[in-house]
Each structure stands twice: as structure tokens, then as C-alpha cells.
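For reference, the structure discussed in these notes is given below.
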Amino acid sequence: MAEINKKGLKTVEVNQEELEAQIRQHRRKIIFRVIEITAIIVILVVAVELLYALRSFTSYEIRNSIERNNTDVAKFAQFNDYIIEYSNDGAACVTHSRDILWNQSYEMSAPHVDVCGKYVVIYDRGGTEVNVLGEKGLQCKIETTLPIQTVSIASQGTVAILMRGEAEAQIKLFDKKGEELANGKFYGEQGSFPLDIALSKDGKKLAVNMIDTSQGAVGTTISFYNFGSVGQSQIDNNVGTYTYNDLLIPEIEYLSDSQMIAFGTGKILLFEGAQKPELSKEIILEKEIQSYFYNDKYIGIVYDSVDTDNLWHVKVMDLKGKTVMENDISIAYTKIEFLSNNEICASNERECELFTLHSIKKFAYTFEKPLYKIIARDGAQNYTFIFKETTEEVRLK
């Protein structure tokens, strides 16, 4: 009840429990209102992203166009947020606006590139030269004693080189300074030869893919080597060997430090294990495939389309073998790959088709000039198109 004190002011008796209850109720209202606003914002963001994911584009606008004087260069690779331009007589690392980070000269008959983390290796397939480079340029140059078959680089610059002569093959590991870390030799009279190698991203694990004809049929053996503490207690650092009779496996690749993929005739094999890899998934391919491609999250395969209006059918799976995308390709592509945003790009010299993981054909276009490469940029509609004479930053519309 209200009372009047000596100074003539009213005082009100307040129930403390009722006051605390009112405060709690007010706080709950504020929390619920914040949750409602947050939910609305999340829904709007998801709706916008879904709208762009499901949208198709038929044209593009050029935001920036830069002429190039190295029109003879027809090979490009993405190196973090840079572009590697390489040819038989040298390579350059440039930004999308064509600021030059470095130039590297060499003479190669068949230059090939492998990129991992902050390092890139350029090697002469069939030749004897290997260049290891970083964002600041050349780290080391390695000369081999046998013709190079393939090279793999790790994120800290470790390099694995597979060399093959007429009677023997060699595998050697080097650090980024060119110091030899390990080596192995294989002889033809033993009935097996290495077809491919795969180096893990951390440079501690190496897989060797051997073709075996000793039993009168073509088989494949995959051996895993660990150069860390686990492998030191094993003979020759071997931590596992898998043999497949009547199965040819032409290519293997580490997708991460603990995941390796092997592409065989009629099946794809997935191995997992941070120290001792084991077979985790076997994907049976029911149809003969035209080509395959992959990144560290997905596997793509291409085979004949049953639709007479299209040439090919593309299917993308996750690393558990679950199908996440399917669509038809209508162009005679010469290259198909994942872009950095996980979109699928099929292209030839004049045409391209882009697909999202939502099975949407996002973009299809026929160009008037030779197309070399497409690179995804920040934002759902932004790309870099590399043509024969220009590099263009574009936005789809």
C-alpha cells in the first residue's frame, strides 16, 4: 500500500519476488525476439543462396579485361589465389589482374604441374628436370638420372619423383631444398613396375601403385609407406600392401593426409587412415566411363548419356560413394574438372558448361575466341575467363 513520508513523498511497497519474475519475463521476451530476428536473417540468407544455386545464366558481363602478350601459352593452373602460366620454355605466377609474382625459365618438352598448399612443382614428363617453386619463386631445381614419369608435391614442399628407364624404375623423395630424403629401386625381371605414386598432403605418407604381370595376368599392388614415427618401426617403412588380381589401377591420389583414392578398371577404391591406410569403400562402376575427376570432397565420373540430345552423363559422388549430383553434358568436352567452389566445369576450345552440386546447369556458352581455362572467384556469379589473348574478370548474368 502507498504511504506518505515526512517529506510528503509517496512510497510504494514492492514485492521482491514479483519484481524478479517481471524481470525474467522481460529477459525472455528479449531473447525470443533476438532468436526470431536471427532465424529470419538465416532464412533470408539460405533463401538467397538457394536462389543463386538454382539459377541459370545465359550470358556474362566483362568487369575487367587484360591483354596478354604470351599468346603461345596454352597451359594454366590455379595456385591458391594466383594463376600459373606455363609453356615449354618457362612459367610465370601472376595475380588475376596480371601482377607478376615471379618468372621461371627452363627448357622442357612436356611440362606438367602439381600444386599443393603453398608449393608448386613443374616437371618435364619424359625428361629429367624438376622445378620446385613457392609464392616467392624457385626453391630448388632437381636433375634426375632417369626419365620422369610423374611427380607429386606435398604442402610443405616435399617432392616424390617416379622415374622409369628400360630395365628399372626409381622413386625418390626430396625436401624443398633438393636434399634427398628416401629412395627405392624396382627391376623389370621381378615382374612388376610402378605405374603411379601418391604423396600425402603432409609429405609423411607415400603410396606406390605397381602393375604386376608375374602370375601371367595383369594385376595391381598398392603399397603404403609411412616416413613418420609409425613407419620407422616397419620394414622399409611399409605399413600396408593390397593386391588386386585381374584389376588394372592406372591412377592413385591422396585427397588429404588420411584419404587416398585409386581408379581401377570397373571400380574406384577409397582408403582411409592417418597412419596405416585401410580400404574403406569400394565403388563398383556399372558402366564404362569416359573420364573421371576429383577433388578433396567429391568424385566425378562421365559416361555415355541415354538422352539422344546429349553426349555424356556426369555423376558426382561424395567420398562415401553417395550420389550428390547428376546431369547431362551436351558438348564434346576435352576437359572436365571441379572448380574451387565445387562446381563442375566441362569445356573445349570454344564451349563450356557449368554445373552445380544441386544438379543445375548453371551456365552454358559458346565463345568467339579460344578458351583456355575458367577459374571461380568470390561470389556466386564471379569468374575469371582465360582466353588466348586476354584474361577477363566476368560476372554471369
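Chain labels follow the order of the C-alpha cells: the first chain is A, the next B, and so on; residue numbering restarts at 1 in every chain, and ligands are counted from 1 in their shown order.
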**Report entry** Distance query range 279-288 of chain A at most 10 Å, only C-alpha atoms, self and fewer than 6 positions along chain excluded, as a ChimeraX atom specification
**Finding:** /A:242,259-273,301-304,317,319-322
Query - Spatial neighbours of Lys362 in chain A, max dist 6 Å, only C-alpha atoms, sep filter under 4 positions, as an NGL selection string - result: :A and (56-57 or 354-355)
Report task. Pick out the residues sitting within 10 Å of range 205-221 of chain A, and hand them over as an NGL selection string; count only C-alpha atoms, and ignore anything fewer than 4 positions along from it in its own chain. Result -> :A and (152 or 154 or 160 or 162 or 171 or 173 or 186 or 189-201 or 225-228 or 231 or 237-254 or 257-258 or 260 or 262 or 264 or 274-277)
Query raised in the report: Which residue gives the smallest distance to Ile142 in chain A among A:Thr128, A:Asn64, A:Asn327, A:Ser223, with only C-alpha atoms counted?
Result: A:Thr128
Requested in this report: Please provide as a list in words all residues within 7 Å of range 72-81 of chain A, with the sequence filter that same-chain residues fewer than 2 positions apart are discarded (counting only C-alpha atoms).
Outcome: Asn70, Ile83, Ile84, Glu85, Tyr86, Ser87, Val115, Tyr372 and Lys373 of chain A
Query raised in the report: Between CA of Thr58 in chain A and CA of Asp307 in chain A, what is the distance, to one decimal in Å?
Result: 22.2 Å
Report task. For CA of Asn88 in chain A and CA of Ile375 in chain A, quote the distance in Å rounded to one decimal. Result -> 22.6 Å
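For the set A:Ile40, A:Ala167, A:Arg55, A:Gly90, the residue with the smallest atom-to-atom gap to Lys361 in chain A is A:Arg55, counting only C-alpha atoms.
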Query raised in the report: Mind pulling up the distance from CA of Asn348 in chain A to CA of Ile331 in chain A?
Result: 8.0 Å
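Nearest residue to Leu339 in chain A among A:Leu311, A:Cys116, A:Ala364, A:Ile374 is A:Ile374, counting only C-alpha atoms.
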Requested in this report: Taking the DSSP assignment computed from this structure's backbone, write out as a list in words all residues of range 120-239 of chain A that belong to helix (DSSP H, G or I).
Outcome: Gly188, Glu189, Gln190, Gly231, Gln232, Ser233, Ile235, Asp236 and Asn237 of chain A
Would you write out those residues with N, CA, C and O atoms, as an mmCIF file, in the first residue's frame?
```
data_model
loop_
_atom_site.group_PDB
_atom_site.id
_atom_site.type_symbol
_atom_site.label_atom_id
_atom_site.label_comp_id
_atom_site.auth_asym_id
_atom_site.auth_seq_id
_atom_site.Cartn_x
_atom_site.Cartn_y
_atom_site.Cartn_z
ATOM 1 N N GLY A 188 62.804 -54.752 -63.711
ATOM 2 C CA GLY A 188 61.843 -55.384 -64.605
ATOM 3 C C GLY A 188 61.767 -56.882 -64.472
ATOM 4 O O GLY A 188 60.695 -57.480 -64.641
ATOM 5 N N GLU A 189 62.873 -57.558 -64.167
ATOM 6 C CA GLU A 189 62.842 -59.020 -64.088
ATOM 7 C C GLU A 189 62.018 -59.527 -62.910
ATOM 8 O O GLU A 189 61.688 -60.722 -62.838
ATOM 9 N N GLN A 190 61.654 -58.628 -61.999
ATOM 10 C CA GLN A 190 60.813 -59.039 -60.874
ATOM 11 C C GLN A 190 59.344 -59.151 -61.260
ATOM 12 O O GLN A 190 58.523 -59.607 -60.465
ATOM 13 N N GLY A 231 56.020 -45.455 -39.177
ATOM 14 C CA GLY A 231 56.666 -46.253 -40.206
ATOM 15 C C GLY A 231 58.089 -46.652 -39.880
ATOM 16 O O GLY A 231 58.633 -47.600 -40.467
ATOM 17 N N GLN A 232 58.716 -45.969 -38.952
ATOM 18 C CA GLN A 232 60.109 -46.272 -38.629
ATOM 19 C C GLN A 232 60.282 -47.650 -38.004
ATOM 20 O O GLN A 232 61.364 -48.235 -38.075
ATOM 21 N N SER A 233 59.225 -48.171 -37.410
ATOM 22 C CA SER A 233 59.308 -49.499 -36.799
ATOM 23 C C SER A 233 58.947 -50.622 -37.775
ATOM 24 O O SER A 233 58.956 -51.794 -37.416
ATOM 25 N N ILE A 235 59.411 -52.644 -41.627
ATOM 26 C CA ILE A 235 60.431 -52.955 -42.630
ATOM 27 C C ILE A 235 60.224 -52.054 -43.846
ATOM 28 O O ILE A 235 59.139 -52.004 -44.422
ATOM 29 N N ASP A 236 61.269 -51.337 -44.238
ATOM 30 C CA ASP A 236 61.232 -50.407 -45.371
ATOM 31 C C ASP A 236 60.122 -49.373 -45.240
ATOM 32 O O ASP A 236 59.624 -48.847 -46.251
ATOM 33 N N ASN A 237 59.656 -49.111 -44.021
ATOM 34 C CA ASN A 237 58.592 -48.126 -43.753
ATOM 35 C C ASN A 237 57.240 -48.529 -44.341
ATOM 36 O O ASN A 237 56.315 -47.723 -44.413
#
```
Query raised in the report: Residues at most 12 Å from Val316 in chain A, counting only C-alpha atoms, excluding those fewer than 4 positions away in the same chain, as number ranges by chain?
Result: A: 292-295, 297-303, 320-328, 337-338, 342-344, 355-359
Same residues, N, CA and C atoms, saved as a PDB file, in the first residue's frame:
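Dumped to selection12.pdb:
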```
ATOM      1  N   TYR A 292      37.156 -39.448 -65.492  1.00  0.00           N
ATOM      2  CA  TYR A 292      36.867 -39.199 -64.085  1.00  0.00           C
ATOM      3  C   TYR A 292      37.656 -37.980 -63.618  1.00  0.00           C
ATOM      4  N   PHE A 293      37.176 -37.356 -62.555  1.00  0.00           N
ATOM      5  CA  PHE A 293      37.831 -36.186 -61.991  1.00  0.00           C
ATOM      6  C   PHE A 293      37.476 -36.138 -60.511  1.00  0.00           C
ATOM      7  N   TYR A 294      38.207 -35.351 -59.736  1.00  0.00           N
ATOM      8  CA  TYR A 294      38.007 -35.400 -58.292  1.00  0.00           C
ATOM      9  C   TYR A 294      38.628 -34.179 -57.627  1.00  0.00           C
ATOM     10  N   ASN A 295      38.201 -33.934 -56.386  1.00  0.00           N
ATOM     11  CA  ASN A 295      38.892 -33.000 -55.500  1.00  0.00           C
ATOM     12  C   ASN A 295      38.916 -33.629 -54.111  1.00  0.00           C
ATOM     13  N   LYS A 297      36.781 -33.533 -51.794  1.00  0.00           N
ATOM     14  CA  LYS A 297      35.465 -33.812 -51.240  1.00  0.00           C
ATOM     15  C   LYS A 297      34.603 -34.710 -52.124  1.00  0.00           C
ATOM     16  N   TYR A 298      34.837 -34.676 -53.432  1.00  0.00           N
ATOM     17  CA  TYR A 298      33.919 -35.336 -54.350  1.00  0.00           C
ATOM     18  C   TYR A 298      34.667 -36.083 -55.451  1.00  0.00           C
ATOM     19  N   ILE A 299      33.966 -37.057 -56.043  1.00  0.00           N
ATOM     20  CA  ILE A 299      34.463 -37.835 -57.176  1.00  0.00           C
ATOM     21  C   ILE A 299      33.463 -37.680 -58.312  1.00  0.00           C
ATOM     22  N   GLY A 300      33.943 -37.376 -59.495  1.00  0.00           N
ATOM     23  CA  GLY A 300      33.074 -37.255 -60.658  1.00  0.00           C
ATOM     24  C   GLY A 300      33.421 -38.285 -61.710  1.00  0.00           C
ATOM     25  N   ILE A 301      32.405 -38.865 -62.327  1.00  0.00           N
ATOM     26  CA  ILE A 301      32.605 -39.804 -63.440  1.00  0.00           C
ATOM     27  C   ILE A 301      31.700 -39.393 -64.591  1.00  0.00           C
ATOM     28  N   VAL A 302      32.143 -39.676 -65.803  1.00  0.00           N
ATOM     29  CA  VAL A 302      31.392 -39.336 -67.007  1.00  0.00           C
ATOM     30  C   VAL A 302      31.253 -40.583 -67.866  1.00  0.00           C
ATOM     31  N   TYR A 303      30.034 -40.826 -68.332  1.00  0.00           N
ATOM     32  CA  TYR A 303      29.794 -41.953 -69.235  1.00  0.00           C
ATOM     33  C   TYR A 303      28.739 -41.564 -70.257  1.00  0.00           C
ATOM     34  N   LYS A 320      31.912 -41.192 -49.585  1.00  0.00           N
ATOM     35  CA  LYS A 320      31.266 -42.401 -49.083  1.00  0.00           C
ATOM     36  C   LYS A 320      30.569 -43.160 -50.205  1.00  0.00           C
ATOM     37  N   GLY A 321      30.643 -42.619 -51.431  1.00  0.00           N
ATOM     38  CA  GLY A 321      30.020 -43.266 -52.575  1.00  0.00           C
ATOM     39  C   GLY A 321      28.586 -42.854 -52.812  1.00  0.00           C
ATOM     40  N   LYS A 322      28.077 -41.902 -52.059  1.00  0.00           N
ATOM     41  CA  LYS A 322      26.698 -41.441 -52.212  1.00  0.00           C
ATOM     42  C   LYS A 322      26.604 -40.434 -53.351  1.00  0.00           C
ATOM     43  N   THR A 323      25.635 -40.633 -54.240  1.00  0.00           N
ATOM     44  CA  THR A 323      25.442 -39.719 -55.365  1.00  0.00           C
ATOM     45  C   THR A 323      24.873 -38.396 -54.869  1.00  0.00           C
ATOM     46  N   VAL A 324      25.525 -37.294 -55.246  1.00  0.00           N
ATOM     47  CA  VAL A 324      25.066 -35.973 -54.824  1.00  0.00           C
ATOM     48  C   VAL A 324      24.643 -35.105 -56.006  1.00  0.00           C
ATOM     49  N   MET A 325      24.981 -35.534 -57.231  1.00  0.00           N
ATOM     50  CA  MET A 325      24.639 -34.722 -58.395  1.00  0.00           C
ATOM     51  C   MET A 325      24.656 -35.564 -59.652  1.00  0.00           C
ATOM     52  N   GLU A 326      23.727 -35.298 -60.589  1.00  0.00           N
ATOM     53  CA  GLU A 326      23.715 -35.918 -61.908  1.00  0.00           C
ATOM     54  C   GLU A 326      23.153 -34.933 -62.923  1.00  0.00           C
ATOM     55  N   ASN A 327      23.709 -34.954 -64.117  1.00  0.00           N
ATOM     56  CA  ASN A 327      23.177 -34.131 -65.199  1.00  0.00           C
ATOM     57  C   ASN A 327      23.813 -34.572 -66.502  1.00  0.00           C
ATOM     58  N   ASP A 328      23.319 -34.029 -67.610  1.00  0.00           N
ATOM     59  CA  ASP A 328      23.832 -34.377 -68.928  1.00  0.00           C
ATOM     60  C   ASP A 328      24.700 -33.267 -69.489  1.00  0.00           C
ATOM     61  N   GLU A 337      36.516 -30.754 -64.892  1.00  0.00           N
ATOM     62  CA  GLU A 337      37.183 -30.611 -63.604  1.00  0.00           C
ATOM     63  C   GLU A 337      36.262 -29.943 -62.596  1.00  0.00           C
ATOM     64  N   PHE A 338      36.615 -30.075 -61.313  1.00  0.00           N
ATOM     65  CA  PHE A 338      35.971 -29.303 -60.265  1.00  0.00           C
ATOM     66  C   PHE A 338      36.643 -27.943 -60.180  1.00  0.00           C
ATOM     67  N   ASN A 342      33.593 -26.049 -55.995  1.00  0.00           N
ATOM     68  CA  ASN A 342      32.986 -27.383 -56.152  1.00  0.00           C
ATOM     69  C   ASN A 342      32.009 -27.468 -57.322  1.00  0.00           C
ATOM     70  N   GLU A 343      31.931 -26.444 -58.155  1.00  0.00           N
ATOM     71  CA  GLU A 343      31.143 -26.562 -59.386  1.00  0.00           C
ATOM     72  C   GLU A 343      31.913 -27.402 -60.398  1.00  0.00           C
ATOM     73  N   ILE A 344      31.179 -28.008 -61.328  1.00  0.00           N
ATOM     74  CA  ILE A 344      31.777 -28.859 -62.351  1.00  0.00           C
ATOM     75  C   ILE A 344      31.854 -28.068 -63.649  1.00  0.00           C
ATOM     76  N   PHE A 355      28.081 -26.741 -63.964  1.00  0.00           N
ATOM     77  CA  PHE A 355      27.024 -27.417 -63.211  1.00  0.00           C
ATOM     78  C   PHE A 355      27.272 -27.212 -61.717  1.00  0.00           C
ATOM     79  N   THR A 356      26.186 -27.085 -60.950  1.00  0.00           N
ATOM     80  CA  THR A 356      26.300 -27.007 -59.503  1.00  0.00           C
ATOM     81  C   THR A 356      26.050 -28.379 -58.901  1.00  0.00           C
ATOM     82  N   LEU A 357      26.350 -28.513 -57.617  1.00  0.00           N
ATOM     83  CA  LEU A 357      26.094 -29.774 -56.923  1.00  0.00           C
ATOM     84  C   LEU A 357      24.606 -29.999 -56.675  1.00  0.00           C
ATOM     85  N   HIS A 358      23.772 -29.010 -57.047  1.00  0.00           N
ATOM     86  CA  HIS A 358      22.313 -29.174 -56.987  1.00  0.00           C
ATOM     87  C   HIS A 358      21.771 -29.745 -58.299  1.00  0.00           C
ATOM     88  N   SER A 359      22.684 -30.231 -59.176  1.00  0.00           N
ATOM     89  CA  SER A 359      22.317 -30.825 -60.468  1.00  0.00           C
ATOM     90  C   SER A 359      21.742 -29.799 -61.442  1.00  0.00           C
TER      91      SER A 359
END
```
Query raised in the report: Gly134 in chain A: which residues within 9 Å, counting only C-alpha atoms, same-chain residues fewer than 6 positions away excluded, as JSON, numbers by chain?
Result: {"A": [118, 119, 120, 121, 157]}
How about saving the chosen residues, all heavy atoms kept, as a compact mmCIF listing (two decimals), in the first residue's frame?
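Produced file result_4.txt, reproduced below:
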```txt
# COMPACT_ATOMS: atom_id res chain seq x y z
N LYS A 118 51.23 -24.17 -50.43
CA LYS A 118 51.98 -23.01 -50.88
C LYS A 118 53.11 -23.36 -51.84
O LYS A 118 54.01 -22.53 -52.08
CB LYS A 118 52.54 -22.25 -49.68
CG LYS A 118 51.47 -21.65 -48.78
CD LYS A 118 52.10 -20.85 -47.64
CE LYS A 118 51.02 -20.22 -46.77
NZ LYS A 118 51.60 -19.42 -45.66
N TYR A 119 53.06 -24.59 -52.40
CA TYR A 119 54.14 -25.01 -53.30
C TYR A 119 53.58 -25.59 -54.59
O TYR A 119 52.50 -26.16 -54.63
CB TYR A 119 55.04 -26.04 -52.60
CG TYR A 119 55.83 -25.44 -51.46
CD1 TYR A 119 55.34 -25.45 -50.17
CD2 TYR A 119 57.06 -24.81 -51.70
CE1 TYR A 119 56.06 -24.88 -49.12
CE2 TYR A 119 57.77 -24.24 -50.66
CZ TYR A 119 57.26 -24.28 -49.38
OH TYR A 119 57.96 -23.70 -48.36
N VAL A 120 54.37 -25.44 -55.63
CA VAL A 120 54.03 -25.98 -56.94
C VAL A 120 55.29 -26.59 -57.53
O VAL A 120 56.40 -26.08 -57.33
CB VAL A 120 53.46 -24.88 -57.86
CG1 VAL A 120 54.44 -23.72 -57.99
CG2 VAL A 120 53.13 -25.42 -59.24
N VAL A 121 55.14 -27.72 -58.21
CA VAL A 121 56.26 -28.35 -58.89
C VAL A 121 55.96 -28.39 -60.38
O VAL A 121 54.85 -28.72 -60.80
CB VAL A 121 56.55 -29.77 -58.35
CG1 VAL A 121 55.36 -30.69 -58.53
CG2 VAL A 121 57.80 -30.36 -59.00
N GLY A 157 56.37 -28.69 -49.38
CA GLY A 157 57.39 -28.67 -50.41
C GLY A 157 58.12 -29.98 -50.65
O GLY A 157 58.97 -30.05 -51.54
```
Requested in this report: List every residue of range 207-387 of chain A that DSSP, applied to the backbone of this structure, places in strand (DSSP E or B), and write the result as an NGL selection string.
Outcome: :A and (207-212 or 219-226 or 238-244 or 251-254 or 259-264 or 267-272 or 278-284 or 289-294 or 298-304 or 312-318 or 323-329 or 335-338 or 344-347 or 351-355 or 361-366 or 371-376 or 382-387)
Query - Neighbour list for range 95-105 of chain A as a list in words, cut-off 6 Å, only C-alpha atoms, skip fewer than 3 positions in-chain - result: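 Neighbouring residues, sequence-local ones excluded: Tyr82, Gly90, Ala91, Ala92 and Gly137 of chain A.
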Restricting the output to C-alpha atoms, write the selected residues as a short mmCIF file (atom, residue, chain, number, x, y, z; two decimals), in the first residue's frame.
```cif
data_model
loop_
_atom_site.label_atom_id
_atom_site.label_comp_id
_atom_site.auth_asym_id
_atom_site.auth_seq_id
_atom_site.Cartn_x
_atom_site.Cartn_y
_atom_site.Cartn_z
CA TYR A 82 47.20 -16.94 -58.25
CA GLY A 90 59.17 -21.11 -68.85
CA ALA A 91 56.46 -20.28 -66.33
CA ALA A 92 55.07 -17.24 -64.55
CA GLY A 137 59.72 -18.26 -56.70
#
```
